[in-house]
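Q: What follows is target-v6.cif; its format and atoms are mmCIF, C-alpha atoms and all ligand atoms.
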data_input
#
loop_
_atom_site.label_atom_id
_atom_site.label_comp_id
_atom_site.auth_asym_id
_atom_site.auth_seq_id
_atom_site.Cartn_x
_atom_site.Cartn_y
_atom_site.Cartn_z
CA MET A 1 -38.83 -37.20 -98.66
CA ARG A 2 -36.77 -40.41 -98.61
CA THR A 3 -35.87 -43.00 -101.17
CA GLU A 4 -34.88 -46.59 -100.59
CA ARG A 5 -32.19 -48.56 -102.28
CA VAL A 6 -30.55 -51.87 -101.61
CA GLY A 7 -27.09 -51.48 -100.12
CA GLY A 8 -24.08 -53.76 -100.43
CA ASN A 9 -25.30 -55.89 -97.54
CA GLY A 10 -28.57 -56.56 -99.34
CA GLN A 11 -30.62 -54.52 -96.89
CA ALA A 12 -32.71 -51.57 -97.88
CA GLU A 13 -31.02 -48.27 -97.02
CA ARG A 14 -32.87 -45.00 -96.79
CA ARG A 15 -31.20 -41.92 -98.12
CA GLU A 16 -32.29 -38.34 -98.48
CA PRO A 17 -32.69 -37.14 -102.06
CA ARG A 18 -29.96 -34.87 -103.42
CA VAL A 19 -31.20 -31.28 -103.36
CA ILE A 20 -30.78 -29.19 -106.51
CA VAL A 21 -31.54 -25.50 -106.09
CA GLY A 22 -32.44 -23.05 -108.84
CA ALA A 23 -32.66 -19.26 -108.82
CA ALA A 24 -35.53 -17.53 -110.60
CA ILE A 25 -33.78 -14.18 -110.94
CA LEU A 26 -36.45 -11.51 -111.39
CA ALA A 27 -36.00 -8.01 -112.79
CA GLY A 28 -38.53 -5.66 -114.36
CA GLY A 29 -41.24 -8.30 -114.69
CA ARG A 30 -38.88 -10.80 -116.37
CA VAL A 31 -37.05 -13.92 -115.28
CA LEU A 32 -33.60 -15.00 -116.37
CA ALA A 33 -33.60 -18.31 -118.26
CA CYS A 34 -30.28 -19.98 -119.01
CA ALA A 35 -29.52 -22.58 -121.70
CA ARG A 36 -27.51 -25.61 -120.59
CA SER A 37 -24.32 -26.19 -122.53
CA ALA A 38 -23.99 -29.84 -121.43
CA PRO A 39 -24.55 -32.77 -121.39
CA PRO A 40 -25.56 -33.27 -125.04
CA GLU A 41 -29.00 -34.77 -124.17
CA VAL A 42 -30.10 -31.49 -122.58
CA ALA A 43 -27.79 -28.96 -124.23
CA GLY A 44 -29.80 -25.96 -125.42
CA MET A 45 -32.63 -26.59 -123.00
CA TYR A 46 -33.36 -23.83 -120.51
CA GLU A 47 -33.10 -23.98 -116.73
CA PHE A 48 -32.76 -21.75 -113.71
CA PRO A 49 -29.15 -21.11 -112.74
CA GLY A 50 -28.19 -23.24 -109.78
CA GLY A 51 -26.95 -26.71 -108.96
CA LYS A 52 -26.41 -29.24 -106.24
CA VAL A 53 -26.40 -28.21 -102.59
CA GLU A 54 -23.10 -29.37 -101.11
CA PRO A 55 -23.04 -31.30 -97.83
CA GLY A 56 -23.36 -28.90 -94.90
CA GLU A 57 -24.34 -26.01 -97.16
CA SER A 58 -27.67 -24.21 -96.84
CA GLU A 59 -29.93 -23.93 -99.87
CA VAL A 60 -29.56 -20.15 -99.85
CA ALA A 61 -25.76 -20.36 -99.62
CA ALA A 62 -25.73 -22.83 -102.53
CA LEU A 63 -27.78 -20.44 -104.64
CA VAL A 64 -25.52 -17.50 -103.83
CA ARG A 65 -22.46 -19.62 -104.72
CA GLU A 66 -23.93 -21.00 -107.96
CA CYS A 67 -25.06 -17.55 -109.16
CA ALA A 68 -21.54 -16.23 -108.55
CA GLU A 69 -19.93 -19.21 -110.32
CA GLU A 70 -22.28 -19.39 -113.28
CA LEU A 71 -23.23 -15.75 -113.82
CA ALA A 72 -20.69 -13.67 -111.85
CA VAL A 73 -23.48 -11.89 -109.99
CA ARG A 74 -24.37 -11.22 -106.37
CA VAL A 75 -27.97 -12.06 -105.51
CA GLU A 76 -30.43 -11.79 -102.68
CA ILE A 77 -32.56 -14.92 -102.36
CA GLY A 78 -36.29 -14.52 -101.79
CA GLU A 79 -39.20 -16.93 -101.41
CA ARG A 80 -39.78 -20.38 -102.87
CA VAL A 81 -41.45 -20.64 -106.28
CA GLY A 82 -43.63 -23.65 -106.96
CA ARG A 83 -43.34 -26.99 -105.27
CA ASP A 84 -40.55 -29.48 -104.68
CA VAL A 85 -40.07 -31.35 -107.96
CA ARG A 86 -38.91 -34.94 -107.62
CA MET A 87 -36.38 -35.96 -110.26
CA ALA A 88 -34.46 -39.10 -111.17
CA HIS A 89 -37.01 -41.48 -109.61
CA GLY A 90 -36.85 -39.59 -106.32
CA ARG A 91 -33.06 -39.59 -106.11
CA SER A 92 -33.02 -35.79 -106.35
CA VAL A 93 -35.38 -32.93 -105.75
CA LEU A 94 -35.47 -29.50 -107.41
CA LYS A 95 -36.28 -26.44 -105.30
CA VAL A 96 -36.49 -23.01 -106.90
CA TYR A 97 -36.35 -19.66 -105.12
CA THR A 98 -36.86 -16.15 -106.42
CA ALA A 99 -33.77 -13.97 -106.45
CA ARG A 100 -32.85 -10.42 -107.29
CA LEU A 101 -29.60 -8.96 -108.51
CA LEU A 102 -27.61 -6.83 -106.10
CA HIS A 103 -25.36 -3.82 -106.63
CA GLY A 104 -26.30 -3.39 -110.31
CA ASP A 105 -24.59 -6.67 -111.25
CA GLU A 106 -25.22 -7.87 -114.81
CA PRO A 107 -25.28 -11.64 -115.43
CA ARG A 108 -22.68 -13.11 -117.78
CA ALA A 109 -23.15 -16.61 -119.15
CA LEU A 110 -19.93 -18.18 -117.88
CA GLU A 111 -21.24 -21.76 -118.05
CA HIS A 112 -24.42 -21.52 -120.13
CA SER A 113 -24.64 -21.31 -123.91
CA ALA A 114 -27.32 -18.58 -123.91
CA MET A 115 -29.38 -16.43 -121.55
CA ARG A 116 -32.75 -14.78 -122.03
CA TRP A 117 -34.85 -12.44 -119.91
CA LEU A 118 -38.43 -13.69 -120.35
CA SER A 119 -41.69 -11.94 -119.55
CA ALA A 120 -44.76 -13.96 -118.54
CA ALA A 121 -45.89 -13.96 -122.18
CA GLU A 122 -42.51 -15.25 -123.33
CA LEU A 123 -42.09 -18.12 -120.83
CA ASP A 124 -43.14 -20.71 -123.42
CA THR A 125 -40.83 -19.41 -126.14
CA VAL A 126 -37.97 -21.57 -124.86
CA THR A 127 -37.75 -25.31 -124.17
CA TRP A 128 -37.32 -25.80 -120.44
CA LEU A 129 -35.88 -28.89 -118.79
CA PRO A 130 -38.89 -31.16 -118.17
CA ALA A 131 -38.65 -30.93 -114.37
CA ASP A 132 -39.03 -27.15 -114.57
CA ALA A 133 -42.59 -27.23 -115.97
CA PRO A 134 -44.41 -26.83 -112.63
CA ILE A 135 -42.01 -24.07 -111.58
CA VAL A 136 -42.54 -22.16 -114.82
CA ALA A 137 -46.31 -22.46 -114.33
CA ALA A 138 -46.01 -21.05 -110.81
CA LEU A 139 -43.81 -18.21 -112.05
CA ARG A 140 -46.30 -16.94 -114.59
CA PRO A 141 -48.71 -15.22 -112.14
CA LEU A 142 -45.76 -13.96 -110.14
CA LEU A 143 -44.28 -12.27 -113.22
CA LEU A 144 -47.63 -10.82 -114.22
CA ALA A 145 -48.02 -9.33 -110.74
CA THR A 146 -44.62 -7.64 -110.96
CA THR A 147 -44.73 -6.50 -114.60
CA PRO A 148 -43.87 -2.79 -114.57
N1 LIG B 201 -29.55 -25.79 -112.00
C1 LIG B 201 -30.64 -26.42 -112.42
N2 LIG B 201 -30.63 -27.76 -112.60
C2 LIG B 201 -31.77 -28.32 -113.04
C3 LIG B 201 -32.93 -27.56 -113.30
N3 LIG B 201 -33.91 -28.40 -113.74
C4 LIG B 201 -33.38 -29.65 -113.75
O1 LIG B 201 -33.94 -30.68 -114.10
N4 LIG B 201 -32.08 -29.60 -113.33
C5 LIG B 201 -31.20 -30.76 -113.24
C6 LIG B 201 -30.12 -30.76 -114.30
C7 LIG B 201 -29.01 -31.53 -113.63
O2 LIG B 201 -29.27 -32.91 -113.79
C8 LIG B 201 -29.18 -31.19 -112.17
C9 LIG B 201 -28.27 -30.06 -111.75
O3 LIG B 201 -27.00 -30.52 -111.80
P1 LIG B 201 -25.76 -29.66 -112.25
O4 LIG B 201 -24.82 -30.56 -112.94
O5 LIG B 201 -26.17 -28.42 -112.96
O6 LIG B 201 -25.25 -29.26 -110.82
P2 LIG B 201 -23.88 -28.59 -110.41
O7 LIG B 201 -23.86 -27.19 -110.98
O8 LIG B 201 -23.79 -28.71 -108.93
O9 LIG B 201 -22.84 -29.42 -111.22
P3 LIG B 201 -21.57 -30.29 -110.87
O10 LIG B 201 -20.81 -29.52 -109.84
O11 LIG B 201 -22.09 -31.61 -110.39
O12 LIG B 201 -20.91 -30.38 -112.20
O13 LIG B 201 -30.54 -30.77 -112.01
C10 LIG B 201 -32.92 -26.16 -113.11
O14 LIG B 201 -33.87 -25.41 -113.34
N5 LIG B 201 -31.74 -25.63 -112.67
#
Would you write the structure of this file as structure tokens?

A:
Amino acid sequence: MRTERVGGNGQAERREPRVIVGAAILAGGRVLACARSAPPEVAGMYEFPGGKVEPGESEVAALVRECAEELAVRVEIGERVGRDVRMAHGRSVLKVYTARLLHGDEPRALEHSAMRWLSAAELDTVTWLPADAPIVAALRPLLLATTP
């Protein structure tokens, strides 16, 4: 996917959208949802832990790094969940992967204001960031299939 913008020389430049990765951490038929603490417009809304992929970094490496930074956990990254979600008029794209906790690690909300483990039936009990809607929809059958 590419977006166009007009550069300083007045010509259209093409640039790849910024990739944002999110981890749908699954355990016991539940997924970990994390409440953003900032910025104010989205504070309290839920998301998947993650963030921007840095230049030269793989999506999996970015997820492993973000989960360590935000939750102090080690994770194994699994398959994609849902589709690519275009955000910010195509300037960025959200990609979510399943993940599982390793070595008995327990997430701690180092950067989020709250965390909740949600079952399929509880997915709609929090307000997700708008871009996450198609991912949450794709997660529902996955959670139902893995409910213990
Ligand atoms: N991590 C994450 N970000 C999401 C989700 N849904 C969604 O719209 N976003 C948006 C919110 C932010 O605008 C952007 C992620 O940016 P961020 O600020 O969290 O990224 P980052 O951790 O790399 O932060 P920074 O280093 O730039 O401060 O993507 C989601 O489920 N998870």

Q: Return as a list in words every polymer residue, whether protein, DNA or RNA, with at least one atom no more than 8 Å from an atom of ligand LIG 201 (chain B); count only C-alpha atoms and all ligand atoms.

A: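 What falls inside 8 Å of ligand LIG 201 (chain B) is Ile20, Val21, Gly22, Ala23, Tyr46, Glu47, Phe48, Pro49, Gly50, Gly51, Lys52, Val53, Glu54, Glu66, Met87, Ser92, Leu94, Val96, Trp128, Leu129, Pro130, Ala131 and Asp132 of chain A.
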
Q: Listing only residues of region 19-120 of chain A within 6 Å of region 138-143 of chain A, what is the closest atom pair and its distance in Å (to one decimal) for each, using all atoms listed in the file, sorted by chain and residue number ascending, as a Markdown table?

A:
| residue | atom | partner | partner_atom | distance |
| --- | --- | --- | --- | --- |
| A:Gly29 | CA | A:Leu143 | CA | 5.2 |
| A:Gly82 | CA | A:Ala138 | CA | 5.2 |
| A:Ala120 | CA | A:Arg140 | CA | 5.2 |

Q: Please determine, counting all atoms listed in the file, which residue among A:Val19, A:Leu26, A:Ala114, A:Val81 has the shortest atom-to-atom distance to Val126 (chain A).

A: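 Selected residue with least distance to Val126 (chain A): A:Ala114.
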
Q: Of the candidates A:Val75, A:Leu63, A:Met115, A:Ala24, which one gets nearest to Val136 (chain A) if we count all atoms listed in the file?

A: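 Between A:Val75, A:Leu63, A:Met115, A:Ala24, the residue approaching Val136 (chain A) most closely is A:Ala24.
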
Q: Smallest atom-to-atom distance to Tyr97 (chain A): which of A:Ile77, A:Ala35, A:Ala61, A:Ala145, using only C-alpha atoms?

A: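 When distances to Tyr97 (chain A) are compared using only C-alpha atoms, the smallest one comes from A:Ile77.
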